[in-house]
Amino acid sequence: MWQPKITAPILTQRIPTPPYGKMQDRHVVSYDEYIKTGGYIGLRKALSMKPDDVTEEVKKSQLRGRGGAGFPTGLKWTFLPKVEEGKDPGMRYLAINADESEPGTFKDRLLMDFDPHLMLEGIAIACYACRLKKAYIFIRGEYHHQAKVLENAIKEAYENGIFGGKGLLDGASNFVVDCYVHRGAGAYICGEETALLEGLEGKRGWPRIKPPFPALKGLFGKPTIINNVETLAHLPSIIENGWEWFSKQGCNSTIGGPPSWGTKLMGMSGHVNQPGCYEFDLGIPLRTFVEQYCGGMRNGKKFKGAIPGGVSMGILGTDQYEAELDFDIGRKHNVLGLGTACPTVFDEDTDMVAVARNIARFFKHESCGQCTPCREGSGWLYQLLGRIEEGDAKTKDLDLALEIATSMGSMPGTTICGLADGNNWAVRTIMNKFRPEFEARVRPTFVPVRVTVGAGAKG
Ligand SMILES: Cc1cc2nc3c(=O)[nH]c(=O)nc-3n(C[C@H](O)[C@H](O)[C@H](O)COP(=O)(O)O)c2cc1C
Ligand code: SF4
């Protein structure tokens with residue numbers, strides 16, 4: 001049986017357990033409270049080390065990005081141009097990805113709602129380690145409340161000498177960092193890191209062709225690191241306690257890849273009794289998450305399937321309820337990956353054709369339109385799935401839908417960014433893992449019944 005390795009929450013130590021109550025009643029941890037509960041100790045320790053040693057510690061911790069791709073954070077930092085000790089690095093940026101627009105994902109919001117200084121401390125550590133002079137937090141347009149919380153916390157951080165002035169931590173280092181909030185306008189694509197940079201530059205959020213990679217040519221053409229909110233929130237405790245401490249949480253890879261060390265914020269939604277955002281060691285089985293922590297399936301229904309973390313990851317089938325939520329999940333269970341680790345669970349009554357159609361609608365709406373396979377393919381897919389759902393399609397349309405899905409994406413090499421891969425994996429895995437439901441819809445005997453999941457309006 002799965003047992004947690006952590007004895008107390010780490011990222012959520014100052015955050016109440018779910019349910020969270022109304023937004024306006026939420027208590028935000030102030031700078032003073034943060035300091036009283038051990039805040040900014042990690043930054044103080046980092047500033048007593050050489051910047052490269054901080055990077056080395058993060059590298060050894062094997063911290064993997066929490067934004068969706070799981071790329072090792074320390075390794076990403078080493079792609080920046082090298083700076084000789086004591087030399088001015090010139091302008092370099094940190095872009096913090098707080099766009100959080102993946103459907104079903106609401107974990108970064110928790111940190112910003114309750115404990116903003118944890119991320120700000122992580123920002124200061126990353127900027128020091130990588131010699132980044134300005135940090136821009138790109139926050140999802142709909143996060144009005146969180147943007148205000150962050151602006152207030154940044155103001156407190158300036159007043160207390162964390163940013164600006166004589167240098168980090170009131171002159172403990174003479175390296176000066178400035179931090180700003182930049183509000184998005186509500187486009188999912190702006191979470192893609194290069195679209196985010198375009199957005200920060202005041203342009204339309206169109207992903208850039210890579211290379212050049214942002215570490216060499218990023219924001220305003222300067223070296224830039226892009227990290228997710230939760231990734232940065234891990235840094236204070238890693239620096240304070242060391243990489244060995246971090247390696248004792250989470251799990252090792254069972255198939256020979258990099259480990260899934262550390263804890264992860266996991267937001268549960270869908271047909272469970274107690275949805276919410278929880279912190280677990282990486283590796284918790286989905287069944288344990290649902291049955292032990294979320295009060296089981298709603299109305300005592302049976303589990304049918306789950307999206308592991310954002311709709312772009314594809315779906316876990318009925319026989320994959322035991323799947324462990326770690327970075328190996330993609331290769332073990334034929335999904336794209338762990339993604340944001342915010343599962344959406346479906347019960348036995350869910351119409352999977354409607355789920356596929358609803359997801360296809362999302363991607364059609366959010367495609368930025370630069371690449372033909374994504375722009376046109378997402379529209380065709382949505383139309384085809386609509387016809388299948390309404391019993392208006394033929395068996396050959398199932399193969400056509402699969403062919404369109406499979407041919408779009410940066411992995412097949414037909415598009416600039418990964419949005420199309422998300423569409424591909426979501427539609428393809430739902431169609432393959434729940435094939436009989438799709439076949440039943442194209443039989444001449446099928447009588448259409450309209451059952452949809454989520455925001456249902458078509459068009
Ligand atoms: C279409 C698309 C949307 C994305 N949305 C987000 C997002 O909302 N938040 C995020 O952190 N990463 C998002 N990503 C991943 C980012 O491109 C990038 O990998 C991540 O911010 C890097 O941070 P990390 O290494 O700390 O995870 C998205 C990627 C794609 C392709
Ligand atoms: S894959 Fe889609 S979203 Fe990404 S750049 Fe191309 S058209 Fe835009």
# chains A, B, ... in the order shown; residues from 1 in each chain; ligands from 1
>>> residues_near_ligand(ligand="ligand 1", cutoff="9 Å", atoms="only C-alpha atoms and all ligand atoms", output="PyMOL selection string")
chain A and resi 64-73+76+95-102+105+108+139-140+188-196+207+225-232+312+339-340+366-367+417-422
>>> residues_around(residues="stretch 406-411 of chain A", least_positions_apart="5", cutoff="12 Å", atoms="only C-alpha atoms", output="number ranges by chain")
A: 207, 209-210, 312, 336, 363, 367, 371-378, 380-381, 399-401, 416-429, 431-432
>>> residues_around(residues="A:Val149", least_positions_apart="5", cutoff="8 Å", atoms="only C-alpha atoms", output="count of residues only")
4
>>> residues_around(residues="stretch 343-357 of chain A", least_positions_apart="5", cutoff="7 Å", atoms="only C-alpha atoms", output="list in words")
Gly104, Gly267, Met268, Ser269, Gly270, His271, Lys301, Lys302, Phe303, Lys304, Gly305, Ala306, Ile307, Pro308, Gly309, Gly310, Tyr382, Leu385, Gly386, Glu389, Val427, Ile430, Glu437, Phe438, Val451, Thr452 and Val453 of chain A
>>> residues_around(residues="stretch 283-287 of chain A", least_positions_apart="4", cutoff="8 Å", atoms="only C-alpha atoms", output="number ranges by chain")
A: 2, 4, 250-251, 260, 291-292, 321-326
>>> write_last_selection(atoms="C-alpha atoms", output="PDB file, in the first residue's frame")
ATOM      1  CA  TRP A   2       1.220   3.505  -0.845  1.00  0.00           C
ATOM      2  CA  PRO A   4       3.462   9.164   2.134  1.00  0.00           C
ATOM      3  CA  GLY A 250       8.752  11.497  -4.081  1.00  0.00           C
ATOM      4  CA  CYS A 251      10.022   8.423  -5.897  1.00  0.00           C
ATOM      5  CA  SER A 260      10.483  12.101  -9.638  1.00  0.00           C
ATOM      6  CA  GLU A 291     -10.351   6.952  -2.471  1.00  0.00           C
ATOM      7  CA  GLN A 292      -8.224   8.009   0.494  1.00  0.00           C
ATOM      8  CA  TYR A 321      -6.866   3.582 -12.069  1.00  0.00           C
ATOM      9  CA  GLU A 322      -3.724   2.357 -10.266  1.00  0.00           C
ATOM     10  CA  ALA A 323      -1.444   4.630 -12.330  1.00  0.00           C
ATOM     11  CA  GLU A 324       1.198   6.307 -10.186  1.00  0.00           C
ATOM     12  CA  LEU A 325       1.290  10.072 -10.606  1.00  0.00           C
ATOM     13  CA  ASP A 326       4.979  10.561 -11.370  1.00  0.00           C
TER      14      ASP A 326
END
>>> select_by_dssp(residues="stretch 163-394 of chain A", states="strand (DSSP E)", output="JSON, numbers by chain")
{"A": [178, 179, 180, 181, 182, 183, 224, 225, 226, 227, 228, 250, 251, 260, 261, 263, 264, 265, 266, 267, 268, 269, 270, 276, 277, 278, 279, 280, 281, 303, 304, 305, 306, 307, 344, 345, 346, 347]}
>>> write_last_selection(atoms="C-alpha atoms", output="PDB file, in the first residue's frame")
ATOM      1  CA  ASP A 178      13.473  43.996  -9.857  1.00  0.00           C
ATOM      2  CA  CYS A 179      10.196  42.138  -9.976  1.00  0.00           C
ATOM      3  CA  TYR A 180       6.967  43.006 -11.831  1.00  0.00           C
ATOM      4  CA  VAL A 181       3.520  41.548 -12.468  1.00  0.00           C
ATOM      5  CA  HIS A 182       2.313  41.426 -16.072  1.00  0.00           C
ATOM      6  CA  ARG A 183      -1.309  40.444 -16.633  1.00  0.00           C
ATOM      7  CA  THR A 224      15.914  34.457 -20.376  1.00  0.00           C
ATOM      8  CA  ILE A 225      14.870  31.644 -18.062  1.00  0.00           C
ATOM      9  CA  ILE A 226      11.210  30.665 -17.950  1.00  0.00           C
ATOM     10  CA  ASN A 227      10.013  28.773 -14.901  1.00  0.00           C
ATOM     11  CA  ASN A 228       6.663  27.839 -13.483  1.00  0.00           C
ATOM     12  CA  GLY A 250       8.752  11.497  -4.081  1.00  0.00           C
ATOM     13  CA  CYS A 251      10.022   8.423  -5.897  1.00  0.00           C
ATOM     14  CA  SER A 260      10.483  12.101  -9.638  1.00  0.00           C
ATOM     15  CA  TRP A 261      11.813  13.509  -6.394  1.00  0.00           C
ATOM     16  CA  THR A 263       6.351  16.760  -3.586  1.00  0.00           C
ATOM     17  CA  LYS A 264       3.829  18.032  -6.089  1.00  0.00           C
ATOM     18  CA  LEU A 265       0.712  20.124  -5.841  1.00  0.00           C
ATOM     19  CA  MET A 266      -2.121  18.091  -7.333  1.00  0.00           C
ATOM     20  CA  GLY A 267      -5.494  19.655  -8.031  1.00  0.00           C
ATOM     21  CA  MET A 268      -8.319  17.145  -8.258  1.00  0.00           C
ATOM     22  CA  SER A 269     -11.525  17.902 -10.139  1.00  0.00           C
ATOM     23  CA  GLY A 270     -14.367  15.929 -11.662  1.00  0.00           C
ATOM     24  CA  GLY A 276      -9.394  20.416  -4.189  1.00  0.00           C
ATOM     25  CA  CYS A 277      -5.679  21.037  -4.339  1.00  0.00           C
ATOM     26  CA  TYR A 278      -3.488  18.674  -2.296  1.00  0.00           C
ATOM     27  CA  GLU A 279       0.261  18.224  -1.796  1.00  0.00           C
ATOM     28  CA  PHE A 280       1.688  14.715  -2.122  1.00  0.00           C
ATOM     29  CA  ASP A 281       4.929  12.911  -2.755  1.00  0.00           C
ATOM     30  CA  PHE A 303     -14.265   5.066 -11.983  1.00  0.00           C
ATOM     31  CA  LYS A 304     -14.246   5.235 -15.776  1.00  0.00           C
ATOM     32  CA  GLY A 305     -11.183   7.283 -16.719  1.00  0.00           C
ATOM     33  CA  ALA A 306      -9.092  10.334 -15.822  1.00  0.00           C
ATOM     34  CA  ILE A 307      -7.018  13.008 -17.409  1.00  0.00           C
ATOM     35  CA  THR A 344      -9.939  15.298 -13.811  1.00  0.00           C
ATOM     36  CA  VAL A 345     -11.808  12.104 -12.956  1.00  0.00           C
ATOM     37  CA  PHE A 346     -14.799  10.728 -14.895  1.00  0.00           C
ATOM     38  CA  ASP A 347     -17.387   8.299 -13.549  1.00  0.00           C
TER      39      ASP A 347
END
>>> atom_distance(atom1="atom CA of A:Gly38", atom2="atom CA of A:Gln24")
26.1 Å
>>> closest_residue(among="A:Thr415, A:Thr7, A:Gln274, A:Thr78", to="ligand 2", atoms="only C-alpha atoms and all ligand atoms")
A:Thr415
>>> closest_residue(among="A:Lys107, A:Pro448, A:Gly317, A:Leu282", to="A:Leu338", atoms="only C-alpha atoms")
A:Leu282
>>> select_by_dssp(residues="stretch 18-175 of chain A", states="helix (DSSP H, G or I)", output="ChimeraX atom specification")
/A:23-25,31-36,41-47,51-61,73-77,108-114,116-130,144-159,168-171
>>> atom_distance(atom1="atom CA of A:Trp77", atom2="atom CA of A:Phe106")
26.0 Å
>>> residues_around(residues="A:Asp25", least_positions_apart="3", cutoff="12 Å", atoms="only C-alpha atoms", output="JSON, numbers by chain")
{"A": [20, 21, 22, 28, 113, 114, 145]}
>>> closest_residue(among="A:Cys368, A:Ala187, A:Val83, A:Ala153", to="ligand 2", atoms="only C-alpha atoms and all ligand atoms")
A:Cys368
>>> closest_residue(among="A:Thr445, A:Thr414, A:Ser30, A:Ser247", to="ligand 2", atoms="only C-alpha atoms and all ligand atoms")
A:Thr414
